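Peer 1: Take this structure first; my questions come after.
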Amino acid sequence: MHFNEGVYFTLPDKKVYLYNEYYEEYQKSLKAFRDQCTSAIDGKNIRICIENTRSFMLDFVGMGIETLLESPVFGFTFDTGHNAGSGYKQFSIIERNINRLCHMHLHDYSAEKGDHLPLGEGCLNISEYIDLAKEHGCRVLLETKTIYGVRKSADWKKNNFWVV
């Protein structure tokens, strides 16, 4: 799941987020959502994974993530390119709760071309991310947006040493 930053208003000196302005109601709704999900899953081996996106670094989103993580049914999807695009800042939230890492969206990234690049076409240390996934037993999804990207990534994988 993606955490939505919600509606905001741009003022001359800042952005004002409605969820932040009405934080108590926001938290109340998140707790109700968390409890409803926990009840529905009720001990089954199912996780709802929160993916790191642009909203990840907003304070009210970070506190909301902590609220959801109070339930064992919530975990993380780590998107490698989104993290790189944030200057590698998003991983700190996942790292504090690394035992909740369940899933990874693996793709390359470059500042010039953005994310969702085929493996080997950006600046990421792909092997490092594969090692992280292995260490924490999380699934890895190759997330490219085109057939070309899938083929290019498959060729890259054939020429490198890792196996998922």
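We label chains A, B, ... in the order they appear in the structure tokens, count residues from 1 in each chain, and number ligands from 1 in the order shown.
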Residues of stretch 33-143 of chain A that approach stretch 13-24 of chain A to 10 Å or less, counting only C-alpha atoms: could you list each one with the shortest pair of atoms and its distance in Å to one decimal, rows by chain and increasing residue number, as CSV?
Peer 2:
residue,atom,partner,partner_atom,distance
A:Leu58,CA,A:Asn20,CA,9.3
A:Asp59,CA,A:Asn20,CA,8.4
A:Phe60,CA,A:Asn20,CA,5.9
A:Val61,CA,A:Asn20,CA,8.8
A:Gly64,CA,A:Tyr23,CA,9.6
Peer 1: Go ahead and save the residues from that selection, with N, CA and C atoms, as a tab-separated table (two decimals), in the first residue's frame.
Peer 2:
chain	number	residue	atom	x	y	z
A	58	LEU	N	7.17	12.63	5.31
A	58	LEU	CA	6.33	13.59	6.02
A	58	LEU	C	6.12	13.09	7.45
A	59	ASP	N	6.24	13.98	8.42
A	59	ASP	CA	6.14	13.57	9.83
A	59	ASP	C	4.86	12.83	10.14
A	60	PHE	N	3.73	13.33	9.68
A	60	PHE	CA	2.46	12.68	10.02
A	60	PHE	C	2.35	11.31	9.38
A	61	VAL	N	2.98	11.12	8.22
A	61	VAL	CA	3.00	9.79	7.58
A	61	VAL	C	3.88	8.85	8.40
A	64	GLY	N	2.01	7.80	11.28
A	64	GLY	CA	0.95	6.89	10.84
A	64	GLY	C	1.48	5.49	10.59
Peer 1: I'd like to know which residues of chain A are alpha helix (DSSP H) (by DSSP, run on the backbone); could you write them as a PyMOL selection string?
Peer 2: chain A and resi 18-21+23-41+59-68+80-85+91-96+126-136+147-158
Peer 1: Just checking: using only C-alpha atoms, which residue out of A:Ser92, A:Gln27, A:Asn45, A:Thr144 ends up closest to A:Val73?
Peer 2: A:Asn45
Peer 1: Any idea what the distance is between atom CA of A:Met1 and atom CA of A:Gly62?
Peer 2: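 Computed distance, atom CA of A:Met1 to atom CA of A:Gly62, equals 14.2 Å.
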Peer 1: Name the residues in contact with A:Gly122 at a cut-off of 7 Å, using only C-alpha atoms, excluding same-chain residues fewer than 4 positions from it; report them as an MDAnalysis selection string.
Peer 2: chainID A and resid 108:110 117
Peer 1: Keeping C-alpha atoms, export the residues of the selection given above as a short mmCIF file (atom, residue, chain, number, x, y, z; two decimals), in the first residue's frame.
Peer 2:
data_model
loop_
_atom_site.label_atom_id
_atom_site.label_comp_id
_atom_site.auth_asym_id
_atom_site.auth_seq_id
_atom_site.Cartn_x
_atom_site.Cartn_y
_atom_site.Cartn_z
CA ASP A 108 17.73 0.62 -11.08
CA TYR A 109 17.86 4.40 -10.78
CA SER A 110 19.77 7.37 -12.12
CA LEU A 117 15.19 1.47 -15.00
#
Peer 1: Work out how far atom CA of A:Ser127 is from atom CA of A:Ala154, in Å to one decimal.
Peer 2: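 Atom CA of A:Ser127 lies at a distance of 14.4 Å from atom CA of A:Ala154.
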Peer 1: Please list as a list in words every residue within 9 Å of A:Leu68, counting only C-alpha atoms and excluding residues in the same chain fewer than 5 positions away.
Peer 2: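 The residues that qualify are Leu30, Lys31, Phe33, Arg34, Asp35, Met63, Val73, Phe74 and Gly75 of chain A.
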Peer 1: Keeping N, CA, C and O atoms for every residue in the selection just given, could you write it to a file as an mmCIF file, in the first residue's frame?
Peer 2:
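The result, written out as part.cif:
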data_model
loop_
_atom_site.group_PDB
_atom_site.id
_atom_site.type_symbol
_atom_site.label_atom_id
_atom_site.label_comp_id
_atom_site.auth_asym_id
_atom_site.auth_seq_id
_atom_site.Cartn_x
_atom_site.Cartn_y
_atom_site.Cartn_z
ATOM 1 N N LEU A 30 -6.740 5.892 11.113
ATOM 2 C CA LEU A 30 -5.690 4.889 10.896
ATOM 3 C C LEU A 30 -5.803 3.736 11.891
ATOM 4 O O LEU A 30 -5.647 2.569 11.518
ATOM 5 N N LYS A 31 -6.091 4.054 13.138
ATOM 6 C CA LYS A 31 -6.237 3.004 14.148
ATOM 7 C C LYS A 31 -7.428 2.101 13.828
ATOM 8 O O LYS A 31 -7.344 0.881 13.979
ATOM 9 N N PHE A 33 -8.639 1.549 10.825
ATOM 10 C CA PHE A 33 -8.202 0.767 9.663
ATOM 11 C C PHE A 33 -7.280 -0.371 10.096
ATOM 12 O O PHE A 33 -7.459 -1.518 9.701
ATOM 13 N N ARG A 34 -6.300 -0.054 10.949
ATOM 14 C CA ARG A 34 -5.365 -1.067 11.459
ATOM 15 C C ARG A 34 -6.115 -2.188 12.157
ATOM 16 O O ARG A 34 -5.882 -3.374 11.892
ATOM 17 N N ASP A 35 -7.033 -1.826 13.034
ATOM 18 C CA ASP A 35 -7.764 -2.828 13.808
ATOM 19 C C ASP A 35 -8.676 -3.666 12.921
ATOM 20 O O ASP A 35 -8.806 -4.882 13.121
ATOM 21 N N MET A 63 4.504 8.930 11.561
ATOM 22 C CA MET A 63 3.769 8.562 12.779
ATOM 23 C C MET A 63 2.625 7.608 12.447
ATOM 24 O O MET A 63 2.327 6.693 13.217
ATOM 25 N N VAL A 73 0.209 -7.510 11.307
ATOM 26 C CA VAL A 73 -0.206 -7.775 9.927
ATOM 27 C C VAL A 73 0.405 -6.775 8.936
ATOM 28 O O VAL A 73 0.306 -6.969 7.732
ATOM 29 N N PHE A 74 1.065 -5.723 9.438
ATOM 30 C CA PHE A 74 1.666 -4.728 8.559
ATOM 31 C C PHE A 74 3.170 -4.917 8.471
ATOM 32 O O PHE A 74 3.830 -5.257 9.451
ATOM 33 N N GLY A 75 3.692 -4.699 7.279
ATOM 34 C CA GLY A 75 5.121 -4.782 7.026
ATOM 35 C C GLY A 75 5.505 -3.758 5.970
ATOM 36 O O GLY A 75 4.754 -2.823 5.692
#
Peer 1: Grab the atom CA of A:Ile50 to atom CA of A:His2 distance for me, in Å with one decimal place.
Peer 2: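 One can read the atom CA of A:Ile50 to atom CA of A:His2 distance as 5.9 Å.
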Peer 1: How close does stretch 1-101 of chain A get to stretch 128-134 of chain A? List, as JSON lines, each residue of stretch 1-101 of chain A within 10 Å, its nearest atom pair and the distance in Å to one decimal, counting only C-alpha atoms.
Peer 2:
{"residue": "A:Phe78", "atom": "CA", "partner": "A:Ala133", "partner_atom": "CA", "distance": 9.5}
{"residue": "A:Thr80", "atom": "CA", "partner": "A:Tyr129", "partner_atom": "CA", "distance": 7.8}
{"residue": "A:Ile98", "atom": "CA", "partner": "A:Leu132", "partner_atom": "CA", "distance": 9.9}
{"residue": "A:Leu101", "atom": "CA", "partner": "A:Ala133", "partner_atom": "CA", "distance": 8.3}
Peer 1: For A:Thr67, which residue out of A:Lys113, A:His105, A:Lys145, A:Lys28 is the nearest one, using only C-alpha atoms?
Peer 2: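 Residue with the minimum atom-to-atom distance to A:Thr67: A:Lys28.
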Peer 1: Show me, as a PyMOL selection string, the residues that have an atom within 12 Å of A:Gly120 when counting only C-alpha atoms, minus same-chain residues fewer than 6 positions from it.
Peer 2: chain A and resi 106-110+126-127+149-160
Peer 1: Run DSSP on the backbone and give me the residues of chain A it puts in strand (DSSP E), as a ChimeraX atom specification.
Peer 2: /A:8-10,15-17,48-51,74-79,101-106,108-110,114-117,139-142
Peer 1: Of the residues A:Ile41, A:Cys138, A:Ile65, A:Ala32, which is the one nearest to A:His103, using only C-alpha atoms?
Peer 2: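 When distances to A:His103 are compared using only C-alpha atoms, the smallest one comes from A:Cys138.
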Peer 1: Using only C-alpha atoms, determine which residues lie at most 7 Å from A:Gln90, disregarding the query and same-chain residues fewer than 4 positions distant; provide the list as a list in words.
Peer 2: Asn52, Phe56, Met57, Asn83 and Ser86 of chain A
Peer 1: Restricted to C-alpha atoms, what would the selected residues look like written as a PDB file, in the first residue's frame?
Peer 2:
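What ended up in selection08.pdb:
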ATOM      1  CA  ASN A  52       8.168   3.798   0.509  1.00  0.00           C
ATOM      2  CA  PHE A  56       7.253   8.623   3.401  1.00  0.00           C
ATOM      3  CA  MET A  57       9.288  11.493   4.837  1.00  0.00           C
ATOM      4  CA  ASN A  83      14.629   5.373  -1.999  1.00  0.00           C
ATOM      5  CA  SER A  86      14.798  10.605  -2.124  1.00  0.00           C
TER       6      SER A  86
END
